[in-house]
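Peer 1: I am attaching a structure below and will ask some questions about it afterwards.
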Amino acid sequence: MSKLYSTLYKSVLRAVNELVKDIQSTVPGQADLQYWAWESRMDEDKMPRVPLLGVNGFSFEENSGLWLVRFGLTISTVDDANLLEEADIIDMIHSRFGEKRKIALVEEIAGEVEQTNELVCVHCEVLPMGQTQVRNYRSIGVEVLRTGT
């Protein structure tokens with residue numbers, strides 16, 4: 001696997017984008033949810049006034065063949081005073097990235113996307129919320145390991 005970091009990163013992005021699509025289609029009132037690239041930065045006033053979910057803070061550690069991948073999933077809801085929208089999204093995140101859940105490790109091989117391994121979630125933590133006058137922000141910390149060699 002010559003492109004290890006990009007393969008890991010793209011696999012996580014793929015899994016999160018699939019989660020966004022599932023939330024849009026199955027969670028009542030979340031059809032407007034969008035994937036958001038938090039690390040690309042943007043003035044809050046220019047952000048869409050819809051719920052947003054995306055990867056924030058991807059890191060990778062390799063130690064004697066052990067791969068430890070950590071990332072945050074940041075949720076931002078708009079005018080969600082009772083945090084009910086956020087709670088529904090967190091439930092879906094946990095169902096996908098809670099302990100022992102698996103993420104397909106995929107690579108492009110000869111022009112085709114193929115699953116080459118799996119990552120298993122070993123830690124999922126809902127972190128404290130931050131907020132502005134309009135938006136709530138909450139991150140969920142996730143750690144995953146490679147399941148095999």
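Scheme for the structure tokens: letters A, B, ... for chains in order shown; per-chain residue numbers from 1; ligand numbers from 1 in order shown.
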Fewer than 4 positions away in the same chain doesn't count, so skip those; otherwise give me all residues within 6 Å of stretch 41-55 of chain A, counting only C-alpha atoms, as JSON, numbers by chain.
Peer 2: {"A": [33, 34, 35, 36, 37, 72, 73, 74, 75, 76, 77]}
Peer 1: What lies within 8 Å of stretch 80-88 of chain A using only C-alpha atoms, ignoring chain neighbours under 5 positions off, as number ranges by chain?
Peer 2: A: 27, 30, 75, 135-136
Peer 1: I'd like the neighbourhood of A:Glu114 as a list in words, where a residue qualifies if any of its atoms comes within 12 Å (using only C-alpha atoms), though same-chain residues fewer than 3 positions away should be ignored.
Peer 2: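 Once the adjacent positions are removed, what remains is Thr7, Ser11, Ala104, Leu105, Val106, Glu107, Glu108, Ile109, Ala110, Gly111, Asn117 and Glu118 of chain A.
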Peer 1: How would the residues just picked look written out with N, CA, C and O atoms as a compact mmCIF listing (two decimals), in the first residue's frame?
Peer 2:
```txt
# COMPACT_ATOMS: atom_id res chain seq x y z
N THR A 7 -4.99 6.91 1.39
CA THR A 7 -5.98 5.83 1.39
C THR A 7 -6.80 5.86 2.67
O THR A 7 -8.03 5.74 2.64
N SER A 11 -10.75 6.93 2.77
CA SER A 11 -11.69 5.93 3.28
C SER A 11 -12.58 6.52 4.36
O SER A 11 -13.79 6.27 4.40
N ALA A 104 -14.84 0.49 5.87
CA ALA A 104 -14.14 -0.14 4.76
C ALA A 104 -12.90 0.68 4.39
O ALA A 104 -12.98 1.90 4.23
N LEU A 105 -11.77 0.02 4.28
CA LEU A 105 -10.54 0.65 3.80
C LEU A 105 -10.51 0.39 2.30
O LEU A 105 -10.45 -0.77 1.87
N VAL A 106 -10.63 1.44 1.52
CA VAL A 106 -10.75 1.28 0.07
C VAL A 106 -9.58 1.95 -0.65
O VAL A 106 -9.04 2.94 -0.18
N GLU A 107 -9.22 1.39 -1.79
CA GLU A 107 -8.16 1.91 -2.65
C GLU A 107 -8.65 1.88 -4.09
O GLU A 107 -9.46 1.03 -4.46
N GLU A 108 -8.10 2.76 -4.88
CA GLU A 108 -8.36 2.69 -6.31
C GLU A 108 -7.28 1.81 -6.92
O GLU A 108 -6.09 2.11 -6.83
N ILE A 109 -7.71 0.70 -7.51
CA ILE A 109 -6.79 -0.25 -8.12
C ILE A 109 -7.23 -0.45 -9.56
O ILE A 109 -8.35 -0.88 -9.82
N ALA A 110 -6.35 -0.10 -10.48
CA ALA A 110 -6.63 -0.21 -11.92
C ALA A 110 -7.94 0.47 -12.29
O ALA A 110 -8.75 -0.06 -13.04
N GLY A 111 -8.16 1.66 -11.72
CA GLY A 111 -9.35 2.44 -12.06
C GLY A 111 -10.61 2.03 -11.34
O GLY A 111 -11.65 2.65 -11.52
N ASN A 117 -9.22 -3.77 3.05
CA ASN A 117 -9.11 -4.10 4.45
C ASN A 117 -10.26 -3.42 5.18
O ASN A 117 -11.13 -2.84 4.54
N GLU A 118 -10.22 -3.44 6.49
CA GLU A 118 -11.22 -2.75 7.30
C GLU A 118 -10.51 -2.04 8.45
O GLU A 118 -9.44 -2.45 8.89
```
Peer 1: Choose the residue, out of A:Ile89, A:Tyr5, A:Glu143, A:Lys100, that has the smallest atom-to-atom separation from A:Ala31; count only C-alpha atoms.
Peer 2: A:Ile89
Peer 1: Need the shell around A:Gly141: protein/DNA/RNA residues with any atom at most 8 Å away, counting only C-alpha atoms. Skip same-chain ones fewer than 5 positions apart. Format as a compact mmCIF listing (two decimals) with N, CA and C atoms, in the first residue's frame?
Peer 2:
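In the end it all went to part_5.txt:
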```txt
# COMPACT_ATOMS: atom_id res chain seq x y z
N ARG A 70 -7.14 8.75 14.15
CA ARG A 70 -8.05 9.53 14.99
C ARG A 70 -8.64 10.64 14.13
N PHE A 71 -9.91 10.89 14.35
CA PHE A 71 -10.53 12.01 13.65
C PHE A 71 -11.73 12.49 14.45
N GLY A 72 -12.08 13.73 14.20
CA GLY A 72 -13.28 14.28 14.79
C GLY A 72 -14.34 14.42 13.74
N LEU A 73 -15.57 14.25 14.14
CA LEU A 73 -16.72 14.55 13.29
C LEU A 73 -17.38 15.75 13.93
N HIS A 123 -12.88 3.58 19.81
CA HIS A 123 -13.23 4.64 20.76
C HIS A 123 -14.13 5.66 20.07
N CYS A 124 -15.20 6.04 20.74
CA CYS A 124 -16.10 7.07 20.23
C CYS A 124 -16.49 7.93 21.43
N GLU A 125 -16.23 9.23 21.33
CA GLU A 125 -16.46 10.13 22.45
C GLU A 125 -17.17 11.39 22.00
N VAL A 126 -18.32 11.68 22.60
CA VAL A 126 -19.03 12.93 22.34
C VAL A 126 -18.38 14.00 23.19
N LEU A 127 -17.86 15.03 22.54
CA LEU A 127 -17.10 16.07 23.22
C LEU A 127 -17.99 17.27 23.54
```
Peer 1: Using DSSP assignments from the backbone, pull out every residue in chain A that falls under strand (DSSP E) and give it to me as a ChimeraX atom specification.
Peer 2: /A:34-35,52-63,66-78,102-109,112-131,135-146
Peer 1: Using C-alpha atoms, can you export the residues from the last selection as a PDB file, in the first residue's frame?
Peer 2:
```pdb
ATOM      1  CA  GLN A  34     -24.699  18.802   4.137  1.00  0.00           C
ATOM      2  CA  TYR A  35     -21.160  17.454   4.290  1.00  0.00           C
ATOM      3  CA  LEU A  52     -23.476  20.537   8.660  1.00  0.00           C
ATOM      4  CA  LEU A  53     -21.398  17.435   9.376  1.00  0.00           C
ATOM      5  CA  GLY A  54     -17.823  16.711   8.385  1.00  0.00           C
ATOM      6  CA  VAL A  55     -14.366  15.499   9.328  1.00  0.00           C
ATOM      7  CA  ASN A  56     -12.322  17.814  11.521  1.00  0.00           C
ATOM      8  CA  GLY A  57      -8.877  16.931  12.824  1.00  0.00           C
ATOM      9  CA  PHE A  58      -7.701  13.791  11.008  1.00  0.00           C
ATOM     10  CA  SER A  59      -4.498  12.239  12.341  1.00  0.00           C
ATOM     11  CA  PHE A  60      -2.567   9.051  11.660  1.00  0.00           C
ATOM     12  CA  GLU A  61       0.019   7.198  13.728  1.00  0.00           C
ATOM     13  CA  GLU A  62       1.971   4.124  12.661  1.00  0.00           C
ATOM     14  CA  ASN A  63       3.901   2.065  15.188  1.00  0.00           C
ATOM     15  CA  LEU A  66      -0.159  -0.776  14.108  1.00  0.00           C
ATOM     16  CA  TRP A  67      -2.193   1.961  12.447  1.00  0.00           C
ATOM     17  CA  LEU A  68      -4.031   4.305  14.764  1.00  0.00           C
ATOM     18  CA  VAL A  69      -6.314   6.774  13.030  1.00  0.00           C
ATOM     19  CA  ARG A  70      -8.047   9.527  14.989  1.00  0.00           C
ATOM     20  CA  PHE A  71     -10.534  12.014  13.654  1.00  0.00           C
ATOM     21  CA  GLY A  72     -13.276  14.282  14.792  1.00  0.00           C
ATOM     22  CA  LEU A  73     -16.715  14.552  13.294  1.00  0.00           C
ATOM     23  CA  THR A  74     -18.026  18.064  13.809  1.00  0.00           C
ATOM     24  CA  ILE A  75     -21.765  18.732  13.750  1.00  0.00           C
ATOM     25  CA  SER A  76     -23.111  22.239  13.441  1.00  0.00           C
ATOM     26  CA  THR A  77     -26.813  22.949  13.682  1.00  0.00           C
ATOM     27  CA  VAL A  78     -28.612  26.254  13.188  1.00  0.00           C
ATOM     28  CA  LYS A 102     -16.156  -1.132  10.904  1.00  0.00           C
ATOM     29  CA  ILE A 103     -15.085   1.242   8.158  1.00  0.00           C
ATOM     30  CA  ALA A 104     -14.135  -0.138   4.761  1.00  0.00           C
ATOM     31  CA  LEU A 105     -10.544   0.647   3.796  1.00  0.00           C
ATOM     32  CA  VAL A 106     -10.748   1.283   0.069  1.00  0.00           C
ATOM     33  CA  GLU A 107      -8.162   1.911  -2.647  1.00  0.00           C
ATOM     34  CA  GLU A 108      -8.355   2.691  -6.313  1.00  0.00           C
ATOM     35  CA  ILE A 109      -6.792  -0.255  -8.121  1.00  0.00           C
ATOM     36  CA  GLU A 112     -11.715   0.524  -9.772  1.00  0.00           C
ATOM     37  CA  VAL A 113     -12.431   1.259  -6.100  1.00  0.00           C
ATOM     38  CA  GLU A 114     -11.863  -1.914  -4.095  1.00  0.00           C
ATOM     39  CA  GLN A 115     -12.087  -2.719  -0.405  1.00  0.00           C
ATOM     40  CA  THR A 116      -8.634  -3.893   0.699  1.00  0.00           C
ATOM     41  CA  ASN A 117      -9.112  -4.102   4.455  1.00  0.00           C
ATOM     42  CA  GLU A 118     -11.216  -2.748   7.303  1.00  0.00           C
ATOM     43  CA  LEU A 119     -10.739  -0.308  10.118  1.00  0.00           C
ATOM     44  CA  VAL A 120     -12.488  -1.033  13.416  1.00  0.00           C
ATOM     45  CA  CYS A 121     -13.692   1.702  15.744  1.00  0.00           C
ATOM     46  CA  VAL A 122     -12.149   1.347  19.187  1.00  0.00           C
ATOM     47  CA  HIS A 123     -13.233   4.636  20.761  1.00  0.00           C
ATOM     48  CA  CYS A 124     -16.103   7.067  20.231  1.00  0.00           C
ATOM     49  CA  GLU A 125     -16.459  10.128  22.454  1.00  0.00           C
ATOM     50  CA  VAL A 126     -19.032  12.928  22.337  1.00  0.00           C
ATOM     51  CA  LEU A 127     -17.099  16.072  23.220  1.00  0.00           C
ATOM     52  CA  PRO A 128     -18.357  19.315  24.804  1.00  0.00           C
ATOM     53  CA  MET A 129     -20.367  21.726  22.685  1.00  0.00           C
ATOM     54  CA  GLY A 130     -19.409  25.215  21.580  1.00  0.00           C
ATOM     55  CA  GLN A 131     -21.748  27.790  20.134  1.00  0.00           C
ATOM     56  CA  ARG A 135     -24.785  27.908  15.319  1.00  0.00           C
ATOM     57  CA  ASN A 136     -24.072  25.074  17.751  1.00  0.00           C
ATOM     58  CA  TYR A 137     -20.846  23.120  17.223  1.00  0.00           C
ATOM     59  CA  ARG A 138     -20.093  19.682  18.665  1.00  0.00           C
ATOM     60  CA  SER A 139     -17.367  17.201  17.854  1.00  0.00           C
ATOM     61  CA  ILE A 140     -17.338  13.458  18.241  1.00  0.00           C
ATOM     62  CA  GLY A 141     -13.869  11.968  18.618  1.00  0.00           C
ATOM     63  CA  VAL A 142     -13.313   8.631  16.884  1.00  0.00           C
ATOM     64  CA  GLU A 143     -10.329   6.261  16.964  1.00  0.00           C
ATOM     65  CA  VAL A 144      -9.980   3.364  14.564  1.00  0.00           C
ATOM     66  CA  LEU A 145      -7.432   0.563  14.092  1.00  0.00           C
ATOM     67  CA  ARG A 146      -6.666  -1.713  11.167  1.00  0.00           C
TER      68      ARG A 146
END
```
Peer 1: Could you please write out, as a PyMOL selection string, every residue of stretch 42-92 of chain A that DSSP assigns to helix (DSSP H, G or I)?
Peer 2: chain A and resi 44-46+84-92
Peer 1: Just to confirm, what's the straight-line distance from atom CA of A:Ser40 to atom CA of A:Leu13 in Å (one decimal)?
Peer 2: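 Taking atom CA of A:Ser40 as the start and atom CA of A:Leu13 as the end point, the length is 14.0 Å.
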Peer 1: When you draw a straight line from atom CA of A:Arg101 to atom CA of A:Leu4, how long is it in Å?
Peer 2: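 The value is 21.1 Å.
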